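Here is the file upload_23.cif (mmCIF, C-alpha atoms).
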```cif
data_query
#
loop_
_atom_site.label_atom_id
_atom_site.label_comp_id
_atom_site.auth_asym_id
_atom_site.auth_seq_id
_atom_site.Cartn_x
_atom_site.Cartn_y
_atom_site.Cartn_z
CA MET A 15 2.38 -7.62 37.13
CA ALA A 16 4.57 -6.66 34.20
CA GLN A 17 6.27 -9.47 32.35
CA PRO A 18 10.06 -9.53 32.93
CA ALA A 19 11.98 -8.45 29.85
CA TRP A 20 13.81 -11.77 29.64
CA GLU A 21 10.50 -13.63 29.45
CA HIS A 22 9.15 -11.51 26.58
CA ASP A 23 7.98 -13.76 23.75
CA PRO A 24 7.95 -11.70 20.56
CA GLN A 25 4.79 -12.15 18.52
CA PRO A 26 4.87 -11.50 14.77
CA LEU A 27 2.47 -8.86 13.48
CA PRO A 28 -0.72 -10.51 12.19
CA LEU A 29 -0.81 -10.19 8.41
CA ASP A 30 -4.47 -9.17 8.51
CA SER A 31 -3.47 -6.08 10.50
CA ALA A 32 -1.72 -4.59 7.44
CA PRO A 33 -3.88 -1.77 5.95
CA LEU A 34 -4.51 -3.00 2.41
CA PRO A 35 -4.60 -0.62 -0.57
CA GLU A 36 -8.11 0.15 -1.81
CA TYR A 37 -7.76 -1.74 -5.08
CA GLY A 38 -10.79 -1.55 -7.34
CA ALA A 39 -12.44 1.43 -5.66
CA GLY A 40 -9.94 4.03 -4.48
CA SER A 41 -6.35 3.26 -5.53
CA LEU A 42 -4.06 4.99 -8.00
CA ALA A 43 -4.71 2.20 -10.49
CA ASP A 44 -8.39 3.19 -10.54
CA LEU A 45 -7.87 6.86 -11.41
CA LEU A 46 -7.22 6.96 -15.16
CA PRO A 47 -9.77 4.23 -16.00
CA THR A 48 -12.37 6.28 -14.13
CA LEU A 49 -11.50 9.45 -16.04
CA ALA A 50 -11.33 7.61 -19.36
CA ALA A 51 -14.69 5.92 -18.74
CA GLY A 52 -16.18 9.39 -18.30
CA MET A 53 -14.84 10.25 -21.77
CA ASP A 54 -16.41 7.10 -23.29
CA VAL A 55 -13.15 5.24 -23.87
CA PRO A 56 -14.13 1.61 -24.57
CA GLY A 57 -13.26 -0.99 -21.93
CA MET A 58 -12.75 1.49 -19.12
CA THR A 59 -14.60 1.25 -15.77
CA ALA A 60 -15.41 4.17 -13.47
CA ALA A 61 -14.11 2.48 -10.32
CA ILE A 62 -13.80 5.64 -8.20
CA SER A 63 -17.50 6.27 -7.82
CA GLU A 64 -17.09 9.70 -6.23
CA LEU A 65 -15.68 11.33 -9.38
CA THR A 66 -17.89 13.18 -11.87
CA PRO A 67 -17.03 12.89 -15.60
CA ALA A 68 -15.42 15.77 -17.48
CA ASP A 69 -14.59 16.28 -21.15
CA ARG A 70 -11.04 17.32 -20.35
CA ASN A 71 -9.02 15.74 -17.56
CA CYS A 72 -5.58 16.60 -16.23
CA VAL A 73 -3.60 14.56 -13.70
CA PHE A 74 -0.75 16.44 -12.01
CA LEU A 75 1.36 13.91 -10.10
CA ILE A 76 3.69 15.36 -7.46
CA ASP A 77 6.30 12.74 -6.62
CA GLY A 78 6.48 12.06 -2.88
CA LEU A 79 3.68 14.32 -1.63
CA GLY A 80 1.66 12.09 0.69
CA TRP A 81 -1.71 13.02 2.19
CA GLU A 82 -0.34 13.17 5.73
CA GLN A 83 2.62 15.35 4.75
CA LEU A 84 0.37 17.80 2.90
CA LYS A 85 -2.04 18.08 5.83
CA ALA A 86 0.88 18.67 8.21
CA HIS A 87 2.13 21.75 6.31
CA PRO A 88 -0.83 24.07 5.65
CA ASP A 89 1.25 27.25 5.80
CA ASP A 90 3.68 26.00 3.15
CA ALA A 91 0.95 24.87 0.74
CA PRO A 92 -1.97 27.28 1.19
CA PHE A 93 -3.52 26.65 -2.23
CA MET A 94 -3.48 22.86 -2.01
CA THR A 95 -4.62 23.07 1.60
CA SER A 96 -7.64 25.04 0.43
CA LEU A 97 -8.47 22.10 -1.84
CA LEU A 98 -8.29 19.35 0.78
CA ALA A 99 -12.06 19.15 1.08
CA SER A 100 -12.26 18.58 -2.69
CA SER A 101 -10.19 15.40 -2.50
CA ARG A 102 -11.73 12.28 -3.99
CA GLY A 103 -14.80 13.89 -5.43
CA GLY A 104 -15.53 16.20 -2.52
CA THR A 105 -15.46 13.52 0.17
CA GLY A 106 -12.27 14.96 1.66
CA ARG A 107 -10.70 11.50 1.58
CA PRO A 108 -7.41 10.32 0.06
CA LEU A 109 -6.59 7.55 -2.38
CA THR A 110 -4.23 4.68 -1.64
CA THR A 111 -1.19 4.05 -3.78
CA GLY A 112 -0.94 0.27 -3.97
CA TYR A 113 1.83 -1.94 -2.58
CA PRO A 114 4.65 -1.20 -2.53
CA ALA A 115 4.30 2.59 -2.23
CA THR A 116 7.17 3.39 -4.56
CA THR A 117 7.57 5.39 -7.76
CA ALA A 118 8.05 2.71 -10.41
CA THR A 119 5.16 0.65 -9.08
CA SER A 120 2.84 3.62 -8.67
CA LEU A 121 3.56 5.20 -12.06
CA ALA A 122 2.87 1.86 -13.71
CA SER A 123 -0.39 1.59 -11.78
CA VAL A 124 -1.40 5.12 -12.80
CA GLY A 125 -0.58 4.68 -16.47
CA THR A 126 -1.87 1.16 -17.06
CA GLY A 127 -4.84 1.34 -14.72
CA LEU A 128 -3.75 -2.03 -13.30
CA PRO A 129 -2.54 -3.11 -9.84
CA PRO A 130 1.07 -4.30 -9.40
CA GLY A 131 0.27 -8.00 -9.64
CA ALA A 132 -0.96 -7.45 -13.19
CA HIS A 133 1.34 -4.76 -14.62
CA GLY A 134 4.36 -6.53 -13.16
CA LEU A 135 6.42 -3.73 -11.61
CA PRO A 136 5.97 -4.89 -7.98
CA GLY A 137 8.89 -3.09 -6.36
CA TYR A 138 11.94 -0.87 -6.64
CA THR A 139 14.15 -3.87 -7.43
CA VAL A 140 12.84 -7.37 -8.16
CA ARG A 141 14.32 -10.59 -9.46
CA ASP A 142 14.11 -11.16 -13.21
CA PRO A 143 13.09 -14.82 -13.46
CA ALA A 144 14.74 -15.08 -16.89
CA THR A 145 18.20 -14.11 -15.64
CA GLY A 146 18.05 -14.60 -11.87
CA ALA A 147 19.45 -11.08 -11.41
CA LEU A 148 17.91 -8.09 -9.66
CA MET A 149 16.16 -5.65 -11.98
CA ASN A 150 15.89 -1.99 -10.94
CA GLN A 151 12.50 -0.99 -12.35
CA LEU A 152 12.95 2.75 -11.77
CA ARG A 153 16.28 3.02 -13.58
CA TRP A 154 15.64 -0.06 -15.79
CA GLN A 155 19.01 -1.64 -14.98
CA PRO A 156 20.06 -4.04 -16.30
CA TRP A 157 18.19 -3.26 -19.48
CA THR A 158 15.48 -5.71 -20.49
CA ALA A 159 12.91 -5.56 -23.26
CA PRO A 160 10.10 -3.28 -22.02
CA GLY A 161 7.24 -4.86 -23.98
CA PRO A 162 7.46 -8.38 -22.56
CA TRP A 163 8.11 -7.01 -19.08
CA GLN A 164 4.87 -4.94 -19.13
CA PRO A 165 2.73 -5.96 -22.12
CA TYR A 166 -0.52 -4.13 -21.40
CA PRO A 167 -1.48 -0.94 -23.26
CA THR A 168 -1.56 2.24 -21.23
CA VAL A 169 -4.79 4.14 -20.64
CA PHE A 170 -3.24 7.01 -22.62
CA GLN A 171 -2.85 4.70 -25.63
CA LEU A 172 -6.40 3.39 -25.31
CA ALA A 173 -7.71 6.95 -24.99
CA HIS A 174 -5.71 8.09 -28.03
CA ASP A 175 -7.08 5.15 -30.03
CA ALA A 176 -10.60 6.26 -29.03
CA GLY A 177 -10.08 9.76 -30.40
CA VAL A 178 -9.17 11.50 -27.12
CA HIS A 179 -6.30 14.01 -27.26
CA ALA A 180 -3.74 12.33 -24.95
CA ALA A 181 -0.51 14.02 -23.86
CA GLN A 182 2.23 13.86 -21.26
CA VAL A 183 4.11 16.99 -20.16
CA SER A 184 7.23 16.22 -18.15
CA SER A 185 11.00 16.57 -18.01
CA PRO A 186 12.69 15.96 -21.37
CA ALA A 187 14.88 13.39 -19.60
CA PHE A 188 11.91 11.03 -19.28
CA GLU A 189 10.79 11.05 -22.92
CA ASN A 190 12.49 7.84 -24.04
CA THR A 191 12.96 5.91 -20.81
CA PRO A 192 11.68 2.32 -20.62
CA LEU A 193 9.56 3.22 -17.58
CA THR A 194 7.81 5.95 -19.58
CA LYS A 195 7.29 3.52 -22.44
CA VAL A 196 5.63 0.82 -20.32
CA ALA A 197 3.72 3.12 -17.96
CA LEU A 198 2.94 6.48 -19.55
CA SER A 199 3.20 6.29 -23.33
CA GLY A 200 0.38 6.99 -25.75
CA GLY A 201 -0.56 10.20 -27.50
CA THR A 202 2.21 12.81 -27.52
CA PHE A 203 5.09 13.56 -25.14
CA HIS A 204 6.14 17.17 -24.50
CA GLY A 205 9.38 17.78 -22.63
CA ARG A 206 9.79 21.03 -20.70
CA LEU A 207 12.47 21.82 -18.15
CA SER A 208 10.82 24.29 -15.79
CA GLY A 209 7.73 23.67 -13.72
CA GLU A 210 6.14 26.86 -15.00
CA GLU A 211 6.59 25.77 -18.61
CA ARG A 212 5.00 22.42 -17.84
CA MET A 213 1.95 24.03 -16.26
CA ASP A 214 1.45 26.40 -19.18
CA LEU A 215 1.86 23.67 -21.77
CA ALA A 216 -0.42 21.28 -19.86
CA ALA A 217 -3.15 23.92 -20.05
CA GLU A 218 -2.53 24.33 -23.78
CA GLN A 219 -2.71 20.58 -24.33
CA LEU A 220 -5.99 20.37 -22.45
CA ALA A 221 -7.45 22.95 -24.79
CA ALA A 222 -6.15 21.12 -27.88
CA GLY A 223 -9.04 18.64 -28.01
CA ASP A 224 -12.74 18.51 -27.27
CA ARG A 225 -11.85 15.48 -25.16
CA SER A 226 -8.39 15.60 -23.59
CA LEU A 227 -6.40 13.48 -21.15
CA VAL A 228 -3.20 15.21 -20.00
CA TYR A 229 -0.60 14.08 -17.47
CA THR A 230 2.10 16.25 -15.93
CA TYR A 231 4.68 15.57 -13.26
CA TYR A 232 7.05 17.18 -10.75
CA ALA A 233 9.83 15.18 -9.05
CA GLU A 234 11.72 17.38 -6.63
CA VAL A 235 9.45 17.17 -3.58
CA ASP A 236 10.47 13.51 -3.45
CA GLY A 237 14.12 14.31 -4.04
CA ALA A 238 14.26 16.81 -1.18
CA GLY A 239 12.48 14.35 1.13
CA HIS A 240 14.96 11.58 0.41
CA ARG A 241 17.98 13.81 0.91
CA PHE A 242 16.89 16.04 3.78
CA GLY A 243 13.66 14.69 5.28
CA VAL A 244 10.00 15.62 5.01
CA ASP A 245 10.10 18.49 7.47
CA SER A 246 13.39 20.05 6.37
CA ASP A 247 13.64 23.62 5.12
CA LEU A 248 14.55 22.39 1.66
CA TRP A 249 11.57 20.03 1.54
CA ARG A 250 9.25 22.79 2.69
CA GLY A 251 10.70 25.07 0.02
CA GLN A 252 9.87 22.49 -2.64
CA LEU A 253 6.35 22.19 -1.24
CA MET A 254 5.90 25.97 -1.42
CA TYR A 255 7.11 25.98 -5.02
CA VAL A 256 4.88 23.14 -6.21
CA ASP A 257 1.90 24.74 -4.45
CA ARG A 258 2.38 27.77 -6.68
CA LEU A 259 2.62 25.48 -9.72
CA VAL A 260 -0.72 23.87 -8.89
CA GLN A 261 -2.32 27.30 -8.57
CA ARG A 262 -0.73 28.44 -11.85
CA LEU A 263 -2.24 25.48 -13.69
CA ALA A 264 -5.60 25.76 -11.96
CA GLU A 265 -5.95 29.41 -12.99
CA GLN A 266 -5.60 28.69 -16.71
CA LEU A 267 -7.71 25.56 -17.19
CA PRO A 268 -9.80 25.63 -20.35
CA PRO A 269 -13.58 25.14 -20.04
CA ARG A 270 -15.04 21.72 -19.12
CA THR A 271 -11.82 20.60 -17.39
CA ALA A 272 -11.19 18.64 -14.20
CA LEU A 273 -7.70 18.94 -12.71
CA TYR A 274 -6.64 16.21 -10.27
CA VAL A 275 -3.55 16.68 -8.10
CA THR A 276 -2.18 13.44 -6.67
CA ALA A 277 1.06 11.66 -5.77
CA ASP A 278 2.76 8.30 -6.10
CA HIS A 279 3.50 7.80 -2.38
CA GLY A 280 4.11 9.57 0.91
CA MET A 281 7.26 9.38 3.00
CA VAL A 282 8.61 8.87 6.53
CA ASP A 283 11.87 10.05 8.05
CA VAL A 284 13.89 7.28 9.72
CA PRO A 285 16.49 8.07 12.43
CA PHE A 286 20.12 7.15 11.86
CA ASP A 287 20.75 4.57 14.56
CA GLU A 288 20.99 0.80 14.80
CA GLN A 289 17.52 0.45 16.31
CA HIS A 290 15.85 2.10 13.32
CA ARG A 291 18.25 1.04 10.55
CA ILE A 292 18.89 -2.70 10.55
CA ASP A 293 21.85 -3.44 8.29
CA PHE A 294 21.34 -6.61 6.26
CA ASP A 295 25.00 -6.58 5.22
CA GLU A 296 26.07 -6.83 8.87
CA ASP A 297 23.35 -9.17 10.18
CA TRP A 298 24.26 -12.81 9.73
CA GLU A 299 20.81 -14.01 10.84
CA LEU A 300 18.99 -12.07 8.15
CA ARG A 301 21.54 -13.04 5.49
CA ALA A 302 21.33 -16.78 6.20
CA GLY A 303 19.80 -18.62 3.27
CA VAL A 304 19.23 -15.44 1.24
CA ALA A 305 20.38 -15.41 -2.37
CA LEU A 306 19.15 -11.90 -3.31
CA LEU A 307 17.82 -8.91 -1.40
CA GLY A 308 15.36 -6.86 -3.44
CA GLY A 309 12.86 -4.08 -2.93
CA GLU A 310 13.87 -1.19 -0.68
CA GLY A 311 14.33 -0.49 3.01
CA ARG A 312 10.65 -0.44 3.99
CA ALA A 313 9.38 -2.95 1.42
CA ARG A 314 11.73 -5.88 0.93
CA HIS A 315 11.57 -8.75 -1.53
CA VAL A 316 13.75 -11.56 -0.14
CA TYR A 317 14.81 -14.32 -2.53
CA ALA A 318 15.94 -17.47 -0.77
CA VAL A 319 18.47 -20.08 -1.77
CA PRO A 320 16.40 -22.98 -3.19
CA GLY A 321 15.17 -25.13 -0.31
CA ALA A 322 15.74 -22.43 2.34
CA GLU A 323 12.45 -20.56 1.86
CA ASN A 324 10.79 -21.73 5.08
CA ASP A 325 13.93 -21.17 7.15
CA VAL A 326 14.31 -17.62 5.82
CA LEU A 327 10.65 -16.88 6.54
CA THR A 328 10.97 -18.22 10.09
CA CYS A 329 14.14 -16.24 10.77
CA TRP A 330 12.85 -12.98 9.35
CA ARG A 331 9.67 -13.32 11.41
CA GLU A 332 11.65 -13.98 14.59
CA VAL A 333 14.05 -11.07 14.04
CA LEU A 334 11.67 -8.48 12.52
CA GLY A 335 8.14 -9.67 13.13
CA GLU A 336 7.23 -7.07 15.75
CA GLN A 337 8.19 -4.18 13.44
CA PHE A 338 7.44 -5.59 9.98
CA TRP A 339 4.62 -7.53 8.43
CA VAL A 340 6.58 -10.57 7.20
CA ALA A 341 4.81 -12.83 4.72
CA SER A 342 5.64 -15.66 2.38
CA ARG A 343 4.97 -15.02 -1.29
CA GLU A 344 1.79 -17.11 -1.12
CA GLU A 345 0.58 -15.31 2.02
CA ALA A 346 1.14 -11.88 0.49
CA ILE A 347 -0.71 -12.92 -2.66
CA ALA A 348 -3.59 -14.41 -0.67
CA ALA A 349 -3.81 -11.25 1.44
CA GLY A 350 -4.12 -9.13 -1.71
CA TRP A 351 -1.02 -7.00 -1.15
CA PHE A 352 -0.33 -6.72 -4.88
CA GLY A 353 -3.96 -6.64 -6.00
CA PRO A 354 -6.68 -9.18 -6.71
CA ARG A 355 -4.67 -11.18 -9.25
CA ILE A 356 -1.08 -12.08 -10.01
CA ASP A 357 -0.17 -12.65 -13.65
CA GLU A 358 1.90 -15.77 -14.27
CA ARG A 359 4.85 -13.75 -15.59
CA VAL A 360 4.86 -11.69 -12.37
CA TYR A 361 4.71 -14.53 -9.83
CA ALA A 362 8.45 -15.26 -9.60
CA ARG A 363 9.32 -11.56 -9.51
CA LEU A 364 7.85 -11.47 -5.99
CA GLY A 365 10.11 -12.41 -3.10
CA ASP A 366 9.94 -15.79 -1.43
CA VAL A 367 9.62 -13.65 1.69
CA ILE A 368 8.13 -10.14 1.65
CA ALA A 369 8.71 -7.71 4.53
CA ALA A 370 6.70 -4.49 4.88
CA ALA A 371 7.58 -2.04 7.67
CA ARG A 372 4.98 -0.95 10.20
CA ASP A 373 7.29 1.04 12.49
CA ASP A 374 9.76 3.80 11.55
CA VAL A 375 12.45 1.29 10.64
CA LEU A 376 14.47 0.24 7.61
CA ILE A 377 16.34 -2.81 6.45
CA ILE A 378 19.30 -1.10 4.85
CA ALA A 379 22.16 -2.73 2.97
CA SER A 380 25.15 -0.45 3.57
CA GLU A 381 27.50 -2.25 1.17
CA ARG A 382 25.08 -3.28 -1.60
CA GLU A 383 22.96 -0.12 -1.53
CA PRO A 384 25.11 2.72 -0.13
CA LYS A 385 23.10 5.57 -1.66
CA GLU A 386 19.70 4.20 -0.69
CA SER A 387 20.96 3.36 2.81
CA ALA A 388 21.94 7.01 3.37
CA MET A 389 18.50 8.50 2.61
CA VAL A 390 16.69 10.43 5.36
CA GLY A 391 13.16 10.09 3.95
CA ASN A 392 11.94 6.64 2.88
CA HIS A 393 8.78 4.94 1.64
CA GLY A 394 7.42 1.68 0.29
CA SER A 395 5.23 0.11 2.95
CA MET A 396 1.52 0.14 3.80
CA THR A 397 1.44 2.69 6.61
CA PRO A 398 -0.87 5.70 6.15
CA ALA A 399 2.12 8.06 5.87
CA GLU A 400 3.28 6.15 2.78
CA GLN A 401 0.05 4.77 1.31
CA LEU A 402 -2.33 7.72 1.43
CA VAL A 403 -2.14 10.31 -1.35
CA PRO A 404 -4.37 13.28 -2.17
CA LEU A 405 -6.77 13.55 -5.09
CA LEU A 406 -7.36 17.30 -5.04
CA GLU A 407 -9.81 18.58 -7.64
CA VAL A 408 -10.29 21.87 -9.48
CA ARG A 409 -12.97 22.30 -12.15
CA SER A 410 -13.46 24.99 -14.77
#
```
Rewritten as structure tokens:
Amino acid sequence: MAQPAWEHDPQPLPLDSAPLPEYGAGSLADLLPTLAAGMDVPGMTAAISELTPADRNCVFLIDGLGWEQLKAHPDDAPFMTSLLASSRGGTGRPLTTGYPATTATSLASVGTGLPPGAHGLPGYTVRDPATGALMNQLRWQPWTAPGPWQPYPTVFQLAHDAGVHAAQVSSPAFENTPLTKVALSGGTFHGRLSGEERMDLAAEQLAAGDRSLVYTYYAEVDGAGHRFGVDSDLWRGQLMYVDRLVQRLAEQLPPRTALYVTADHGMVDVPFDEQHRIDFDEDWELRAGVALLGGEGRARHVYAVPGAENDVLTCWREVLGEQFWVASREEAIAAGWFGPRIDERVYARLGDVIAAARDDVLIIASEREPKESAMVGNHGSMTPAEQLVPLLEVRS
């Protein structure tokens, strides 16, 4: 006999049911160290065992193009679809991004070769322990000194120091940003406005050294997904365009090159109704005892008023626990959400309570975060649609 609705006892999602990123073997943080190890850069480990070394390596990161979204649109991306079997060294498998599945965190993981608990960019917005204020790590607001925030050298810098020709080819707008400095600096930066120019220059930079490590980037697939959704005409148009860019680059690779096409996260569309968009600014239960709300809609860092940590955890589990994995800071660390280790400087940047969405839901904040709360496509959590990214390969 079915249980009456009024007798339903909600059970929080078990934390061990969250699909962990594949840190140390198949995450974004493992990619550049694997490529650099194949070029004999000291201190680097080839963690992704499926990849074969090459003298010249290019990483083309397409912001927002998840594995599931690519597979769902073969007609819009015929060239990349033809490469699906090449993913992850010919296994036909994806990589995982790391948690949270968001741009600032993922780019830092790519560039430093470290998981979020070490590089210290563990979310879209996190609390700065020195000031007590929220720090937006994508826009770097309010400004804080980049070096102390992320002190590790990038793989590009280590490769450059080892005699590898290292270069980044991206939008000129990113050349001097703090995020570029802490995540992607080292070697030379080349700003080009159009996608076609970036592809052509990336190929030139690959040919500029006997050993080369080149990174290039395209942002607008993500932008269209946020604004219009991941199956909109505009999103599909961006996918068609970037598919042609990948082919353009692949057709002019210099000899002894491996091109890897990947992404920083996938994306899910979330309906605009109260069941799918829970508004923190209008929910007194969720606000009780909360000093700061960080992260983003599908990956929240919740900072409690001192002494209210347990009460906030209990409340968030009762209200959200069937749709979100809700963990204390210590539970999330123990579960390995942010990687195998947490640096001391990073510990207090993590929320007292951390909430990661399993279902197609968001915790929006309509007053505090009006622009983010209006987005159609969202990401951040550990679901396959957000976590899994391609690692397509072309060799010359």
Given the file shown, determine the residues that the PyMOL selection byres ((chain A and resi 334) around 10) selects; report them as a count of residues only.
-> 22
Would you list the contacts of region 54-61 of chain A as an MDAnalysis selection string, taking every protein, DNA or RNA residue within 8 Å and counting only C-alpha atoms, but skipping same-chain residues closer than 2 positions in sequence?
-> chainID A and resid 38:40 44:45 47:52 63 172:173 176
Output of the PyMOL selection byres ((chain A and resi 206) around 10), listed as a ChimeraX atom specification = /A:183-187,203-205,207-213,215
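The spacing separating CA of His315 (chain A) from CA of Gly112 (chain A) amounts to 15.6 Å.
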Atom pair CA of Asp77 (chain A) + CA of Ser395 (chain A), distance 15.9 Å
Is it possible to add N, CA, C and O atoms to region 213-234 of chain A and hand it back as an mmCIF file, in the coordinates of the input?
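Result file out_8.cif:
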```cif
data_model
loop_
_atom_site.group_PDB
_atom_site.id
_atom_site.type_symbol
_atom_site.label_atom_id
_atom_site.label_comp_id
_atom_site.auth_asym_id
_atom_site.auth_seq_id
_atom_site.Cartn_x
_atom_site.Cartn_y
_atom_site.Cartn_z
ATOM 1 N N MET A 213 3.323 23.650 -16.586
ATOM 2 C CA MET A 213 1.950 24.030 -16.260
ATOM 3 C C MET A 213 1.288 24.729 -17.438
ATOM 4 O O MET A 213 0.133 24.442 -17.794
ATOM 5 N N ASP A 214 2.018 25.648 -18.058
ATOM 6 C CA ASP A 214 1.450 26.400 -19.180
ATOM 7 C C ASP A 214 1.151 25.482 -20.352
ATOM 8 O O ASP A 214 0.099 25.596 -20.998
ATOM 9 N N LEU A 215 2.071 24.563 -20.636
ATOM 10 C CA LEU A 215 1.860 23.670 -21.770
ATOM 11 C C LEU A 215 0.769 22.639 -21.466
ATOM 12 O O LEU A 215 0.006 22.260 -22.369
ATOM 13 N N ALA A 216 0.666 22.204 -20.219
ATOM 14 C CA ALA A 216 -0.420 21.280 -19.860
ATOM 15 C C ALA A 216 -1.776 21.935 -20.127
ATOM 16 O O ALA A 216 -2.698 21.302 -20.663
ATOM 17 N N ALA A 217 -1.897 23.208 -19.777
ATOM 18 C CA ALA A 217 -3.150 23.920 -20.050
ATOM 19 C C ALA A 217 -3.414 24.011 -21.546
ATOM 20 O O ALA A 217 -4.556 23.831 -22.008
ATOM 21 N N GLU A 218 -2.367 24.268 -22.325
ATOM 22 C CA GLU A 218 -2.530 24.330 -23.780
ATOM 23 C C GLU A 218 -2.965 22.977 -24.342
ATOM 24 O O GLU A 218 -3.831 22.904 -25.229
ATOM 25 N N GLN A 219 -2.361 21.909 -23.842
ATOM 26 C CA GLN A 219 -2.710 20.580 -24.330
ATOM 27 C C GLN A 219 -4.142 20.196 -23.959
ATOM 28 O O GLN A 219 -4.834 19.521 -24.723
ATOM 29 N N LEU A 220 -4.600 20.618 -22.813
ATOM 30 C CA LEU A 220 -5.990 20.370 -22.450
ATOM 31 C C LEU A 220 -6.951 21.020 -23.426
ATOM 32 O O LEU A 220 -7.981 20.454 -23.792
ATOM 33 N N ALA A 221 -6.589 22.207 -23.873
ATOM 34 C CA ALA A 221 -7.450 22.950 -24.790
ATOM 35 C C ALA A 221 -7.359 22.450 -26.227
ATOM 36 O O ALA A 221 -8.160 22.856 -27.075
ATOM 37 N N ALA A 222 -6.399 21.538 -26.491
ATOM 38 C CA ALA A 222 -6.150 21.120 -27.880
ATOM 39 C C ALA A 222 -7.160 20.109 -28.391
ATOM 40 O O ALA A 222 -7.152 19.790 -29.587
ATOM 41 N N GLY A 223 -8.030 19.589 -27.551
ATOM 42 C CA GLY A 223 -9.040 18.640 -28.010
ATOM 43 C C GLY A 223 -10.359 18.873 -27.297
ATOM 44 O O GLY A 223 -10.399 19.417 -26.191
ATOM 45 N N ASP A 224 -11.440 18.458 -27.939
ATOM 46 C CA ASP A 224 -12.740 18.510 -27.270
ATOM 47 C C ASP A 224 -12.785 17.539 -26.093
ATOM 48 O O ASP A 224 -13.470 17.771 -25.102
ATOM 49 N N ARG A 225 -12.081 16.406 -26.260
ATOM 50 C CA ARG A 225 -11.850 15.480 -25.160
ATOM 51 C C ARG A 225 -10.345 15.337 -25.007
ATOM 52 O O ARG A 225 -9.646 15.011 -25.978
ATOM 53 N N SER A 226 -9.839 15.619 -23.817
ATOM 54 C CA SER A 226 -8.390 15.600 -23.590
ATOM 55 C C SER A 226 -8.058 14.865 -22.307
ATOM 56 O O SER A 226 -8.786 14.966 -21.315
ATOM 57 N N LEU A 227 -6.944 14.137 -22.339
ATOM 58 C CA LEU A 227 -6.400 13.480 -21.150
ATOM 59 C C LEU A 227 -4.921 13.844 -21.083
ATOM 60 O O LEU A 227 -4.123 13.419 -21.929
ATOM 61 N N VAL A 228 -4.556 14.666 -20.095
ATOM 62 C CA VAL A 228 -3.200 15.210 -20.000
ATOM 63 C C VAL A 228 -2.611 14.840 -18.646
ATOM 64 O O VAL A 228 -3.276 14.931 -17.607
ATOM 65 N N TYR A 229 -1.343 14.434 -18.679
ATOM 66 C CA TYR A 229 -0.600 14.080 -17.470
ATOM 67 C C TYR A 229 0.621 14.976 -17.363
ATOM 68 O O TYR A 229 1.331 15.199 -18.357
ATOM 69 N N THR A 230 0.872 15.511 -16.166
ATOM 70 C CA THR A 230 2.100 16.250 -15.930
ATOM 71 C C THR A 230 2.664 15.874 -14.570
ATOM 72 O O THR A 230 1.960 15.278 -13.738
ATOM 73 N N TYR A 231 3.932 16.204 -14.345
ATOM 74 C CA TYR A 231 4.680 15.570 -13.260
ATOM 75 C C TYR A 231 5.737 16.515 -12.710
ATOM 76 O O TYR A 231 6.331 17.307 -13.455
ATOM 77 N N TYR A 232 5.972 16.417 -11.396
ATOM 78 C CA TYR A 232 7.050 17.180 -10.750
ATOM 79 C C TYR A 232 7.736 16.271 -9.740
ATOM 80 O O TYR A 232 7.073 15.646 -8.909
ATOM 81 N N ALA A 233 9.080 16.199 -9.792
ATOM 82 C CA ALA A 233 9.830 15.180 -9.050
ATOM 83 C C ALA A 233 10.484 15.669 -7.768
ATOM 84 O O ALA A 233 10.777 14.849 -6.880
ATOM 85 N N GLU A 234 10.748 16.966 -7.622
ATOM 86 C CA GLU A 234 11.720 17.380 -6.630
ATOM 87 C C GLU A 234 11.221 17.422 -5.182
ATOM 88 O O GLU A 234 12.027 17.557 -4.258
#
```
